file entry-v6.txt (compact mmCIF, C-alpha atoms)
# COMPACT_ATOMS: atom_id res chain seq x y z
CA MET A 1 55.37 66.29 89.43
CA GLY A 2 56.58 66.37 93.03
CA LYS A 3 58.96 68.27 95.26
CA THR A 4 62.17 66.71 96.52
CA ASN A 5 65.43 67.70 98.16
CA LEU A 6 69.10 67.33 97.38
CA SER A 7 69.85 64.91 100.20
CA SER A 8 67.48 62.36 98.70
CA LEU A 9 69.58 62.27 95.55
CA ILE A 10 73.07 61.77 96.98
CA LEU A 11 74.86 59.28 94.74
CA CYS A 12 71.54 58.06 93.47
CA GLU A 13 71.92 55.13 91.08
CA LYS A 14 69.27 55.25 88.41
CA THR A 15 67.08 52.21 87.82
CA SER A 16 65.51 51.37 84.51
CA ASN A 17 61.87 52.29 83.98
CA ASN A 18 59.64 53.50 81.22
CA THR A 19 59.38 57.08 82.47
CA ARG A 20 62.12 59.63 81.83
CA GLU A 21 62.64 61.95 84.78
CA GLN A 22 64.66 65.01 85.68
CA LEU A 23 65.16 67.15 88.74
CA PHE A 24 64.62 70.71 87.66
CA LEU A 25 64.85 74.13 89.23
CA ARG A 26 62.30 76.85 88.46
CA GLY A 27 63.90 79.58 90.60
CA LYS A 28 66.33 80.20 93.44
CA GLY A 29 65.75 78.10 96.54
CA LEU A 30 65.05 74.49 97.49
CA GLU A 31 61.31 75.18 97.38
CA TYR A 32 61.61 75.53 93.61
CA LEU A 33 63.25 72.12 93.16
CA ASN A 34 60.90 69.58 91.58
CA ILE A 35 60.88 66.22 89.86
CA LYS A 36 59.41 66.25 86.38
CA GLU A 37 58.37 63.11 84.53
CA ASP A 38 57.99 62.27 80.83
CA VAL A 39 60.65 64.71 79.69
CA GLU A 40 62.27 64.78 76.27
CA GLN A 41 65.75 63.41 75.76
CA PRO A 42 68.47 66.03 75.28
CA THR A 43 69.55 66.53 71.68
CA ILE A 44 73.21 66.09 70.78
CA ARG A 45 75.45 67.88 68.31
CA ASP A 46 78.16 66.37 66.10
CA HIS A 47 80.80 66.33 68.87
CA ASP A 48 78.45 65.36 71.71
CA VAL A 49 77.39 62.09 73.29
CA LEU A 50 74.10 61.15 74.94
CA ILE A 51 74.61 59.45 78.31
CA LYS A 52 72.15 57.34 80.25
CA VAL A 53 72.82 58.50 83.82
CA LYS A 54 73.60 55.70 86.26
CA SER A 55 74.76 57.72 89.24
CA ALA A 56 74.84 61.40 90.15
CA GLY A 57 76.55 62.72 93.25
CA VAL A 58 75.61 65.84 95.20
CA ASN A 59 78.49 68.32 95.28
CA PRO A 60 78.50 71.60 97.26
CA ILE A 61 78.28 73.21 93.82
CA ASP A 62 74.78 71.76 93.47
CA TYR A 63 73.59 73.14 96.79
CA ILE A 64 74.93 76.59 95.96
CA THR A 65 73.36 76.38 92.49
CA VAL A 66 69.96 75.59 93.90
CA SER A 67 70.24 78.12 96.72
CA ASN A 68 71.57 81.36 95.33
CA ILE A 69 74.31 81.16 92.71
CA PRO A 70 73.95 83.75 89.92
CA GLY A 71 74.25 82.99 86.23
CA ILE A 72 72.31 79.72 86.17
CA LYS A 73 71.52 78.65 82.61
CA PRO A 74 69.02 77.69 81.39
CA LEU A 75 65.94 78.23 83.54
CA PRO A 76 64.12 75.97 84.29
CA HIS A 77 67.40 74.30 85.12
CA ILE A 78 68.73 70.78 85.80
CA PRO A 79 71.50 70.74 88.46
CA GLY A 80 74.05 67.95 88.87
CA ALA A 81 77.82 68.43 88.54
CA GLU A 82 78.92 64.85 89.30
CA VAL A 83 77.71 62.43 86.66
CA THR A 84 78.50 58.96 85.38
CA GLY A 85 76.66 56.61 83.06
CA ILE A 86 76.59 54.66 79.81
CA ILE A 87 76.78 56.20 76.34
CA GLU A 88 73.62 55.50 74.35
CA LYS A 89 74.29 57.69 71.32
CA VAL A 90 77.27 59.48 69.77
CA GLY A 91 77.44 62.48 67.47
CA ASN A 92 78.50 62.21 63.84
CA HIS A 93 82.05 63.45 64.48
CA VAL A 94 82.80 61.62 67.74
CA ALA A 95 85.87 59.46 67.19
CA ASP A 96 87.11 58.04 70.50
CA LEU A 97 83.88 57.09 72.25
CA LYS A 98 81.18 54.58 71.34
CA GLU A 99 77.77 53.36 72.39
CA GLY A 100 77.95 51.19 75.49
CA ASP A 101 81.03 52.86 76.97
CA LYS A 102 81.00 53.30 80.74
CA VAL A 103 81.96 56.93 81.29
CA VAL A 104 82.36 59.79 83.74
CA VAL A 105 81.76 63.45 82.91
CA HIS A 106 84.36 66.14 83.66
CA ASN A 107 82.18 69.06 84.70
CA ARG A 108 84.37 71.96 83.54
CA ILE A 109 83.18 73.72 80.39
CA PHE A 110 86.11 75.02 78.36
CA ASP A 111 86.70 76.09 74.78
CA GLY A 112 90.27 74.82 74.47
CA THR A 113 91.34 77.89 72.50
CA CYS A 114 91.75 80.79 74.95
CA ASP A 115 95.11 81.66 76.52
CA MET A 116 94.19 79.91 79.78
CA CYS A 117 93.23 76.68 78.07
CA LEU A 118 96.31 76.70 75.84
CA ASN A 119 98.47 76.96 78.96
CA GLY A 120 96.79 74.02 80.66
CA TYR A 121 94.35 75.99 82.82
CA GLU A 122 91.02 75.02 81.32
CA MET A 123 89.41 75.49 84.75
CA LEU A 124 90.10 79.21 84.22
CA CYS A 125 88.79 79.28 80.65
CA ARG A 126 87.72 82.81 79.79
CA ASN A 127 84.63 81.45 78.08
CA GLY A 128 84.05 78.52 80.42
CA GLY A 129 81.73 77.43 83.17
CA ILE A 130 80.48 74.35 85.01
CA ILE A 131 78.13 71.63 83.83
CA GLY A 132 75.13 71.74 86.15
CA VAL A 133 75.50 75.51 86.60
CA ASN A 134 76.02 77.10 83.20
CA THR A 135 74.41 74.20 81.36
CA ASN A 136 71.97 71.51 82.39
CA GLY A 137 73.50 68.85 84.61
CA GLY A 138 73.08 65.21 85.54
CA PHE A 139 70.08 65.06 87.86
CA ALA A 140 68.12 63.45 85.05
CA ASP A 141 67.86 60.15 83.25
CA TYR A 142 69.90 61.52 80.35
CA ILE A 143 72.57 64.14 79.83
CA ALA A 144 74.22 65.40 76.66
CA ALA A 145 77.91 66.31 76.97
CA SER A 146 80.78 67.26 74.69
CA GLU A 147 83.12 64.38 73.90
CA LYS A 148 86.06 66.35 75.32
CA ASN A 149 84.37 66.22 78.74
CA VAL A 150 83.68 62.49 78.69
CA PHE A 151 86.14 59.78 79.76
CA THR A 152 85.83 56.01 79.85
CA ILE A 153 86.25 54.21 83.16
CA PRO A 154 87.04 50.56 83.98
CA ASP A 155 84.14 48.15 84.35
CA ASP A 156 85.11 47.26 87.92
CA VAL A 157 84.75 50.84 89.21
CA GLN A 158 81.46 51.25 91.07
CA TRP A 159 79.04 53.84 89.75
CA GLU A 160 78.93 55.92 92.92
CA VAL A 161 82.73 56.02 93.07
CA ALA A 162 83.02 56.98 89.42
CA ALA A 163 80.52 59.84 89.77
CA ASN A 164 82.65 61.41 92.46
CA LEU A 165 86.09 60.90 90.90
CA ALA A 166 86.03 63.82 88.48
CA THR A 167 85.82 66.36 91.31
CA SER A 168 87.47 64.58 94.25
CA THR A 169 90.65 63.76 92.32
CA ILE A 170 91.24 66.68 89.95
CA THR A 171 90.92 69.35 92.67
CA PRO A 172 93.64 68.14 95.10
CA TYR A 173 95.88 67.01 92.24
CA HIS A 174 95.77 70.48 90.72
CA ALA A 175 96.49 72.06 94.11
CA LEU A 176 99.58 69.92 94.72
CA LYS A 177 100.78 70.42 91.17
CA GLU A 178 100.45 74.20 91.54
CA ALA A 179 102.37 73.94 94.82
CA SER A 180 105.17 72.12 92.96
CA LEU A 181 105.33 69.38 95.58
CA LYS A 182 108.67 67.59 95.22
CA LEU A 183 110.30 64.32 96.17
CA ASN A 184 111.12 64.05 99.89
CA GLU A 185 109.30 67.27 100.77
CA CYS A 186 106.94 67.43 103.74
CA LEU A 187 103.24 67.90 103.00
CA ALA A 188 100.74 68.77 105.76
CA ILE A 189 97.08 68.24 104.91
CA PHE A 190 94.29 69.81 106.94
CA GLY A 191 91.01 67.97 106.51
CA ALA A 192 92.83 64.79 105.51
CA SER A 193 89.91 62.50 106.29
CA GLY A 194 87.55 64.29 103.93
CA ASN A 195 86.79 63.32 100.36
CA THR A 196 89.43 65.47 98.65
CA GLY A 197 91.71 65.08 101.67
CA THR A 198 92.07 61.32 101.27
CA MET A 199 92.88 61.86 97.61
CA ALA A 200 95.47 64.49 98.54
CA VAL A 201 97.14 62.03 100.90
CA GLN A 202 97.45 59.47 98.12
CA PHE A 203 98.69 62.00 95.56
CA GLY A 204 101.24 63.29 98.07
CA LYS A 205 102.62 59.80 98.55
CA LYS A 206 102.70 59.16 94.80
CA MET A 207 104.71 62.36 94.40
CA GLY A 208 107.24 61.07 96.91
CA ALA A 209 106.43 63.40 99.81
CA ARG A 210 106.25 62.70 103.52
CA VAL A 211 102.61 63.26 104.41
CA ILE A 212 101.34 64.63 107.70
CA ALA A 213 97.59 64.16 107.98
CA VAL A 214 95.76 66.47 110.37
CA SER A 215 92.92 64.21 111.43
CA LYS A 216 91.49 62.26 114.33
CA ASP A 217 91.09 59.17 112.13
CA SER A 218 93.88 56.60 112.26
CA TRP A 219 92.64 54.91 109.09
CA ILE A 220 94.15 57.77 107.07
CA LYS A 221 97.51 56.17 107.85
CA THR A 222 96.60 52.51 107.60
CA GLY A 223 94.23 52.83 104.65
CA PHE A 224 95.67 55.68 102.60
CA GLY A 225 99.35 55.78 103.45
CA ALA A 226 99.87 58.95 105.48
CA ASP A 227 103.23 58.90 107.26
CA TYR A 228 101.99 60.74 110.33
CA ILE A 229 98.62 61.38 111.95
CA ILE A 230 98.25 64.39 114.22
CA SER A 231 95.15 65.56 116.04
CA ASP A 232 93.79 69.08 116.09
CA TYR A 233 95.49 69.71 119.44
CA ASP A 234 98.88 71.51 119.41
CA ILE A 235 99.11 71.07 115.65
CA VAL A 236 101.99 73.50 115.16
CA ASP A 237 104.08 71.88 117.90
CA GLN A 238 103.48 68.43 116.46
CA VAL A 239 104.51 69.51 112.95
CA GLN A 240 107.56 71.19 114.45
CA ASP A 241 108.55 67.96 116.21
CA ILE A 242 108.03 65.79 113.12
CA THR A 243 110.02 68.11 110.85
CA GLN A 244 112.73 68.90 113.43
CA ASP A 245 111.80 72.60 113.43
CA LYS A 246 111.80 72.95 109.61
CA MET A 247 107.99 72.88 109.35
CA ALA A 248 106.14 71.77 106.22
CA ASP A 249 107.24 72.53 102.68
CA VAL A 250 103.65 72.51 101.49
CA VAL A 251 100.45 72.97 103.49
CA LEU A 252 97.07 72.12 101.96
CA ASN A 253 94.06 73.57 103.77
CA SER A 254 90.59 73.61 102.26
CA LEU A 255 88.75 74.01 105.58
CA GLY A 256 88.82 77.78 105.90
CA VAL A 257 89.04 80.27 108.73
CA ASN A 258 88.92 77.84 111.67
CA THR A 259 92.23 76.24 110.69
CA TRP A 260 93.81 79.22 108.93
CA GLU A 261 96.20 80.35 111.67
CA ASN A 262 97.47 76.87 112.47
CA SER A 263 97.91 75.96 108.81
CA PHE A 264 99.77 79.17 108.00
CA SER A 265 102.04 78.70 111.04
CA CYS A 266 102.93 75.21 109.79
CA VAL A 267 104.49 76.51 106.58
CA GLY A 268 108.29 76.47 106.64
CA LEU A 269 110.83 78.77 105.01
CA ASN A 270 110.19 79.19 101.28
CA GLY A 271 107.14 76.99 101.70
CA ARG A 272 103.83 76.95 99.85
CA TRP A 273 100.28 77.22 101.17
CA VAL A 274 97.44 76.04 98.92
CA THR A 275 93.69 75.81 99.19
CA PHE A 276 90.57 75.13 97.14
CA GLY A 277 86.86 75.49 97.54
CA GLY A 278 85.13 78.25 99.42
CA GLY A 279 86.29 77.35 102.91
CA LEU A 280 83.93 75.07 104.81
CA THR A 281 84.35 77.05 108.02
CA GLY A 282 84.43 80.50 106.45
CA ALA A 283 86.51 82.27 103.82
CA GLU A 284 87.52 85.55 105.50
CA VAL A 285 90.96 85.38 107.16
CA LYS A 286 93.57 87.78 108.55
CA LEU A 287 97.02 87.68 106.95
CA ASN A 288 100.28 88.68 108.61
CA VAL A 289 102.11 90.11 105.61
CA GLN A 290 105.38 90.41 107.53
CA SER A 291 105.38 86.66 108.24
CA LEU A 292 104.51 85.98 104.61
CA TYR A 293 107.50 88.03 103.48
CA SER A 294 110.03 86.94 106.08
CA LYS A 295 109.43 83.24 105.43
CA GLN A 296 109.02 83.80 101.67
CA ILE A 297 105.77 81.84 101.66
CA LYS A 298 104.24 81.33 98.26
call {"tool": "encode", "arguments": {"input": "entry-v6.txt", "output": "structure tokens"}}
result
Amino acid sequence: MGKTNLSSLILCEKTSNNTREQLFLRGKGLEYLNIKEDVEQPTIRDHDVLIKVKSAGVNPIDYITVSNIPGIKPLPHIPGAEVTGIIEKVGNHVADLKEGDKVVVHNRIFDGTCDMCLNGYEMLCRNGGIIGVNTNGGFADYIAASEKNVFTIPDDVQWEVAANLATSTITPYHALKEASLKLNECLAIFGASGNTGTMAVQFGKKMGARVIAVSKDSWIKTGFGADYIISDYDIVDQVQDITQDKMADVVLNSLGVNTWENSFSCVGLNGRWVTFGGGLTGAEVKLNVQSLYSKQIK
């Protein structure tokens, strides 16, 4: 048994060996994170599958889990919210998955029966949680997961890409869907060169919007299809010029307090401002309620 750290496990592709391993947490703090060998395989129920982990990404969720998040279950605990692998065993009542399938795990735990789930908001399930937080996660050779959380992926998708897809795609897609982004609307994305940001750019284009990417990286336009690239200098003026004073219909900002004022000022009349995550630069902001009301910002 040895100590390790999260950074050593980023998108770690598992290699075959004769020893089953897991990264487990005995208490709060990185000093309680250890590698344990010769562990038992997880047991599966009738609607579960057993997955041989091929790649597990490190999400901010994992760092928070290890550091100080409350409600971790069970203890000792296996973190790991981004998981992909190959199904080695299926439960007796699993119908749509089979042994050998290449799969990714959706990390939201949901019952599918509460009012939130029935209205399409399983991420707000009243009895839900997150795999890797409220149950054991994927920093192990094997993980057991409910079939409703497991999805097949094409053979040509790389393991490290697949592990990340479940979080990097669902989050910005949900944000833009909640913002009701429409054809020919203007979408401004703060943090466009980040993981979820690049996905948001692509979703925005697929939804028929004109996309303004706030980034210093020109490849957001050439590689991902943004219509405009603006730097972090005079952002509001640049958005005003591009939109001919109308400003953006939708602004997506997951960065937090450092970009709050600029992002809020970029929202046009009857526009929508959306975010996700905890705010990488801080979560506490000041809100001008009069501006919110006068522009009818949602």
call {"tool": "residues_around", "arguments": {"input": "entry-v6.txt", "residues": "Glu185 (chain A)", "least_positions_apart": "4", "cutoff": "9 Å", "atoms": "all atoms listed in the file", "output": "PyMOL selection string"}}
result
chain A and resi 181+208-211+248-250
call {"tool": "closest_residue", "arguments": {"input": "entry-v6.txt", "among": "A:Lys182, A:Lys295, A:Lys206, A:His174", "to": "Thr275 (chain A)", "atoms": "all atoms listed in the file"}}
result
A:His174
call {"tool": "closest_residue", "arguments": {"input": "entry-v6.txt", "among": "A:Phe24, A:Ile230, A:Ala140, A:Leu124", "to": "Val53 (chain A)", "atoms": "all atoms listed in the file"}}
result
A:Ala140
call {"tool": "closest_residue", "arguments": {"input": "entry-v6.txt", "among": "A:Lys246, A:Lys221, A:Lys148, A:Lys298", "to": "Ser193 (chain A)", "atoms": "all atoms listed in the file"}}
result
A:Lys221
call {"tool": "residues_around", "arguments": {"input": "entry-v6.txt", "residues": "Lys98 (chain A)", "least_positions_apart": "6", "cutoff": "10 Å", "atoms": "all atoms listed in the file", "output": "number ranges by chain"}}
result
A: 49, 86-91, 152
call {"tool": "closest_residue", "arguments": {"input": "entry-v6.txt", "among": "A:Ser215, A:Gly71, A:Glu82, A:Asp48", "to": "Ala95 (chain A)", "atoms": "all atoms listed in the file"}}
result
A:Asp48
call {"tool": "residues_around", "arguments": {"input": "entry-v6.txt", "residues": "Leu176 (chain A)", "least_positions_apart": "6", "cutoff": "12 Å", "atoms": "only C-alpha atoms", "output": "ChimeraX atom specification"}}
result
/A:169-170,182,185-189,196-197,199-209,249-253,272-276
call {"tool": "closest_residue", "arguments": {"input": "entry-v6.txt", "among": "A:Ile212, A:Ile143, A:Ala166, A:Leu269", "to": "Pro42 (chain A)", "atoms": "all atoms listed in the file"}}
result
A:Ile143
call {"tool": "closest_residue", "arguments": {"input": "entry-v6.txt", "among": "A:Asp227, A:Glu147, A:Asp96, A:Asp111", "to": "Asp46 (chain A)", "atoms": "all atoms listed in the file"}}
result
A:Glu147
call {"tool": "atom_distance", "arguments": {"input": "entry-v6.txt", "atom1": "CA of Ile153 (chain A)", "atom2": "CA of Val103 (chain A)"}}
result
5.4 Å
call {"tool": "atom_distance", "arguments": {"input": "entry-v6.txt", "atom1": "CA of Val150 (chain A)", "atom2": "CA of Asn134 (chain A)"}}
result
17.1 Å
call {"tool": "atom_distance", "arguments": {"input": "entry-v6.txt", "atom1": "CA of Ala56 (chain A)", "atom2": "CA of Leu165 (chain A)"}}
result
11.3 Å
call {"tool": "residues_near_point", "arguments": {"input": "entry-v6.txt", "point": "(58.2, 63.5, 86.7)", "cutoff": "7 Å", "atoms": "only C-alpha atoms", "output": "PyMOL selection string"}}
result
chain A and resi 1+21-22+35-38
call {"tool": "write_last_selection", "arguments": {"input": "entry-v6.txt", "atoms": "C-alpha atoms", "output": "mmCIF file, keeping the file's coordinate frame"}}
result
data_model
loop_
_atom_site.group_PDB
_atom_site.id
_atom_site.type_symbol
_atom_site.label_atom_id
_atom_site.label_comp_id
_atom_site.auth_asym_id
_atom_site.auth_seq_id
_atom_site.Cartn_x
_atom_site.Cartn_y
_atom_site.Cartn_z
ATOM 1 C CA MET A 1 55.370 66.290 89.430
ATOM 2 C CA GLU A 21 62.640 61.950 84.780
ATOM 3 C CA GLN A 22 64.660 65.010 85.680
ATOM 4 C CA ILE A 35 60.880 66.220 89.860
ATOM 5 C CA LYS A 36 59.410 66.250 86.380
ATOM 6 C CA GLU A 37 58.370 63.110 84.530
ATOM 7 C CA ASP A 38 57.990 62.270 80.830
#
call {"tool": "decode", "arguments": {"input": "entry-v6.txt", "residues": "region 175-293 of chain A", "atoms": "C-alpha atoms", "output": "PDB file, in the first residue's frame"}}
result
ATOM      1  CA  ALA A 175     -26.762  25.237 -19.812  1.00  0.00           C
ATOM      2  CA  LEU A 176     -27.533  26.264 -23.397  1.00  0.00           C
ATOM      3  CA  LYS A 177     -30.737  24.253 -23.419  1.00  0.00           C
ATOM      4  CA  GLU A 178     -31.883  25.961 -20.209  1.00  0.00           C
ATOM      5  CA  ALA A 179     -31.009  29.314 -21.802  1.00  0.00           C
ATOM      6  CA  SER A 180     -33.256  28.411 -24.760  1.00  0.00           C
ATOM      7  CA  LEU A 181     -30.584  29.390 -27.269  1.00  0.00           C
ATOM      8  CA  LYS A 182     -32.269  29.928 -30.642  1.00  0.00           C
ATOM      9  CA  LEU A 183     -31.373  30.069 -34.312  1.00  0.00           C
ATOM     10  CA  ASN A 184     -29.503  33.245 -35.301  1.00  0.00           C
ATOM     11  CA  GLU A 185     -29.108  34.423 -31.703  1.00  0.00           C
ATOM     12  CA  CYS A 186     -25.773  35.704 -30.429  1.00  0.00           C
ATOM     13  CA  LEU A 187     -23.976  33.596 -27.823  1.00  0.00           C
ATOM     14  CA  ALA A 188     -20.977  34.947 -25.880  1.00  0.00           C
ATOM     15  CA  ILE A 189     -18.849  32.355 -24.092  1.00  0.00           C
ATOM     16  CA  PHE A 190     -16.410  33.296 -21.345  1.00  0.00           C
ATOM     17  CA  GLY A 191     -13.729  30.663 -20.878  1.00  0.00           C
ATOM     18  CA  ALA A 192     -14.217  29.408 -24.429  1.00  0.00           C
ATOM     19  CA  SER A 193     -10.831  27.709 -24.630  1.00  0.00           C
ATOM     20  CA  GLY A 194     -11.488  25.502 -21.617  1.00  0.00           C
ATOM     21  CA  ASN A 195     -12.792  21.960 -21.668  1.00  0.00           C
ATOM     22  CA  THR A 196     -16.497  22.750 -21.347  1.00  0.00           C
ATOM     23  CA  GLY A 197     -15.976  26.008 -23.234  1.00  0.00           C
ATOM     24  CA  THR A 198     -14.877  24.305 -26.445  1.00  0.00           C
ATOM     25  CA  MET A 199     -17.915  22.047 -26.197  1.00  0.00           C
ATOM     26  CA  ALA A 200     -20.162  25.076 -25.670  1.00  0.00           C
ATOM     27  CA  VAL A 201     -18.765  26.679 -28.823  1.00  0.00           C
ATOM     28  CA  GLN A 202     -19.614  23.584 -30.841  1.00  0.00           C
ATOM     29  CA  PHE A 203     -23.089  23.217 -29.331  1.00  0.00           C
ATOM     30  CA  GLY A 204     -23.764  26.898 -29.978  1.00  0.00           C
ATOM     31  CA  LYS A 205     -22.909  26.469 -33.646  1.00  0.00           C
ATOM     32  CA  LYS A 206     -25.018  23.315 -33.912  1.00  0.00           C
ATOM     33  CA  MET A 207     -27.947  25.269 -32.477  1.00  0.00           C
ATOM     34  CA  GLY A 208     -27.527  27.869 -35.194  1.00  0.00           C
ATOM     35  CA  ALA A 209     -26.175  30.725 -33.074  1.00  0.00           C
ATOM     36  CA  ARG A 210     -23.457  33.246 -33.825  1.00  0.00           C
ATOM     37  CA  VAL A 211     -20.734  32.483 -31.308  1.00  0.00           C
ATOM     38  CA  ILE A 212     -18.429  35.028 -29.715  1.00  0.00           C
ATOM     39  CA  ALA A 213     -15.574  33.293 -27.919  1.00  0.00           C
ATOM     40  CA  VAL A 214     -13.851  35.271 -25.175  1.00  0.00           C
ATOM     41  CA  SER A 215     -10.361  33.832 -25.414  1.00  0.00           C
ATOM     42  CA  LYS A 216      -6.801  34.621 -26.385  1.00  0.00           C
ATOM     43  CA  ASP A 217      -6.596  31.436 -28.459  1.00  0.00           C
ATOM     44  CA  SER A 218      -7.280  31.774 -32.184  1.00  0.00           C
ATOM     45  CA  TRP A 219      -7.714  28.016 -32.566  1.00  0.00           C
ATOM     46  CA  ILE A 220     -11.171  28.327 -30.988  1.00  0.00           C
ATOM     47  CA  LYS A 221     -12.238  29.844 -34.309  1.00  0.00           C
ATOM     48  CA  THR A 222     -10.242  27.702 -36.709  1.00  0.00           C
ATOM     49  CA  GLY A 223     -10.644  24.425 -34.833  1.00  0.00           C
ATOM     50  CA  PHE A 224     -14.061  24.679 -33.214  1.00  0.00           C
ATOM     51  CA  GLY A 225     -16.017  27.103 -35.352  1.00  0.00           C
ATOM     52  CA  ALA A 226     -16.435  30.247 -33.259  1.00  0.00           C
ATOM     53  CA  ASP A 227     -17.544  33.180 -35.412  1.00  0.00           C
ATOM     54  CA  TYR A 228     -15.593  35.762 -33.443  1.00  0.00           C
ATOM     55  CA  ILE A 229     -12.627  35.724 -31.079  1.00  0.00           C
ATOM     56  CA  ILE A 230     -12.244  38.579 -28.614  1.00  0.00           C
ATOM     57  CA  SER A 231      -9.549  39.037 -26.001  1.00  0.00           C
ATOM     58  CA  ASP A 232     -10.097  39.904 -22.363  1.00  0.00           C
ATOM     59  CA  TYR A 233      -9.417  43.574 -23.113  1.00  0.00           C
ATOM     60  CA  ASP A 234     -12.440  45.881 -23.653  1.00  0.00           C
ATOM     61  CA  ILE A 235     -14.733  42.869 -23.840  1.00  0.00           C
ATOM     62  CA  VAL A 236     -17.971  44.835 -23.528  1.00  0.00           C
ATOM     63  CA  ASP A 237     -16.973  47.280 -26.275  1.00  0.00           C
ATOM     64  CA  GLN A 238     -16.017  44.436 -28.599  1.00  0.00           C
ATOM     65  CA  VAL A 239     -19.330  42.626 -28.051  1.00  0.00           C
ATOM     66  CA  GLN A 240     -21.131  45.918 -28.609  1.00  0.00           C
ATOM     67  CA  ASP A 241     -19.335  46.415 -31.933  1.00  0.00           C
ATOM     68  CA  ILE A 242     -19.993  42.866 -33.130  1.00  0.00           C
ATOM     69  CA  THR A 243     -23.693  42.984 -32.248  1.00  0.00           C
ATOM     70  CA  GLN A 244     -24.221  46.586 -33.405  1.00  0.00           C
ATOM     71  CA  ASP A 245     -25.166  47.685 -29.874  1.00  0.00           C
ATOM     72  CA  LYS A 246     -27.676  44.852 -29.290  1.00  0.00           C
ATOM     73  CA  MET A 247     -25.282  42.842 -27.089  1.00  0.00           C
ATOM     74  CA  ALA A 248     -25.532  39.069 -26.656  1.00  0.00           C
ATOM     75  CA  ASP A 249     -28.777  37.140 -26.410  1.00  0.00           C
ATOM     76  CA  VAL A 250     -27.122  34.521 -24.227  1.00  0.00           C
ATOM     77  CA  VAL A 251     -23.958  34.785 -22.142  1.00  0.00           C
ATOM     78  CA  LEU A 252     -22.311  31.667 -20.724  1.00  0.00           C
ATOM     79  CA  ASN A 253     -19.808  32.270 -17.935  1.00  0.00           C
ATOM     80  CA  SER A 254     -18.457  29.493 -15.749  1.00  0.00           C
ATOM     81  CA  LEU A 255     -15.351  31.390 -14.609  1.00  0.00           C
ATOM     82  CA  GLY A 256     -16.787  33.235 -11.637  1.00  0.00           C
ATOM     83  CA  VAL A 257     -16.223  36.580  -9.979  1.00  0.00           C
ATOM     84  CA  ASN A 258     -13.306  37.818 -12.099  1.00  0.00           C
ATOM     85  CA  THR A 259     -15.427  37.927 -15.248  1.00  0.00           C
ATOM     86  CA  TRP A 260     -18.822  38.535 -13.638  1.00  0.00           C
ATOM     87  CA  GLU A 261     -19.183  42.262 -14.339  1.00  0.00           C
ATOM     88  CA  ASN A 262     -18.065  42.023 -17.960  1.00  0.00           C
ATOM     89  CA  SER A 263     -20.234  38.997 -18.656  1.00  0.00           C
ATOM     90  CA  PHE A 264     -23.324  40.568 -17.099  1.00  0.00           C
ATOM     91  CA  SER A 265     -22.745  43.803 -19.045  1.00  0.00           C
ATOM     92  CA  CYS A 266     -22.637  41.794 -22.282  1.00  0.00           C
ATOM     93  CA  VAL A 267     -26.214  40.549 -21.893  1.00  0.00           C
ATOM     94  CA  GLY A 268     -28.671  42.355 -24.156  1.00  0.00           C
ATOM     95  CA  LEU A 269     -32.336  43.220 -23.667  1.00  0.00           C
ATOM     96  CA  ASN A 270     -34.400  40.189 -22.661  1.00  0.00           C
ATOM     97  CA  GLY A 271     -31.192  38.180 -22.682  1.00  0.00           C
ATOM     98  CA  ARG A 272     -30.129  35.168 -20.627  1.00  0.00           C
ATOM     99  CA  TRP A 273     -27.076  34.659 -18.426  1.00  0.00           C
ATOM    100  CA  VAL A 274     -26.087  31.085 -17.542  1.00  0.00           C
ATOM    101  CA  THR A 275     -23.342  29.449 -15.554  1.00  0.00           C
ATOM    102  CA  PHE A 276     -22.257  26.118 -14.107  1.00  0.00           C
ATOM    103  CA  GLY A 277     -19.704  24.844 -11.671  1.00  0.00           C
ATOM    104  CA  GLY A 278     -18.551  26.653  -8.581  1.00  0.00           C
ATOM    105  CA  GLY A 279     -16.777  29.544 -10.259  1.00  0.00           C
ATOM    106  CA  LEU A 280     -13.086  28.981 -10.869  1.00  0.00           C
ATOM    107  CA  THR A 281     -12.200  32.504  -9.769  1.00  0.00           C
ATOM    108  CA  GLY A 282     -14.683  32.754  -6.912  1.00  0.00           C
ATOM    109  CA  ALA A 283     -18.431  32.399  -6.493  1.00  0.00           C
ATOM    110  CA  GLU A 284     -19.438  35.546  -4.575  1.00  0.00           C
ATOM    111  CA  VAL A 285     -20.618  38.375  -6.860  1.00  0.00           C
ATOM    112  CA  LYS A 286     -22.499  41.679  -6.564  1.00  0.00           C
ATOM    113  CA  LEU A 287     -25.734  41.994  -8.538  1.00  0.00           C
ATOM    114  CA  ASN A 288     -27.293  45.230  -9.772  1.00  0.00           C
ATOM    115  CA  VAL A 289     -30.961  44.329  -9.452  1.00  0.00           C
ATOM    116  CA  GLN A 290     -32.060  47.486 -11.287  1.00  0.00           C
ATOM    117  CA  SER A 291     -30.051  46.480 -14.361  1.00  0.00           C
ATOM    118  CA  LEU A 292     -31.435  42.962 -14.113  1.00  0.00           C
ATOM    119  CA  TYR A 293     -34.980  44.318 -14.126  1.00  0.00           C
TER     120      TYR A 293
END
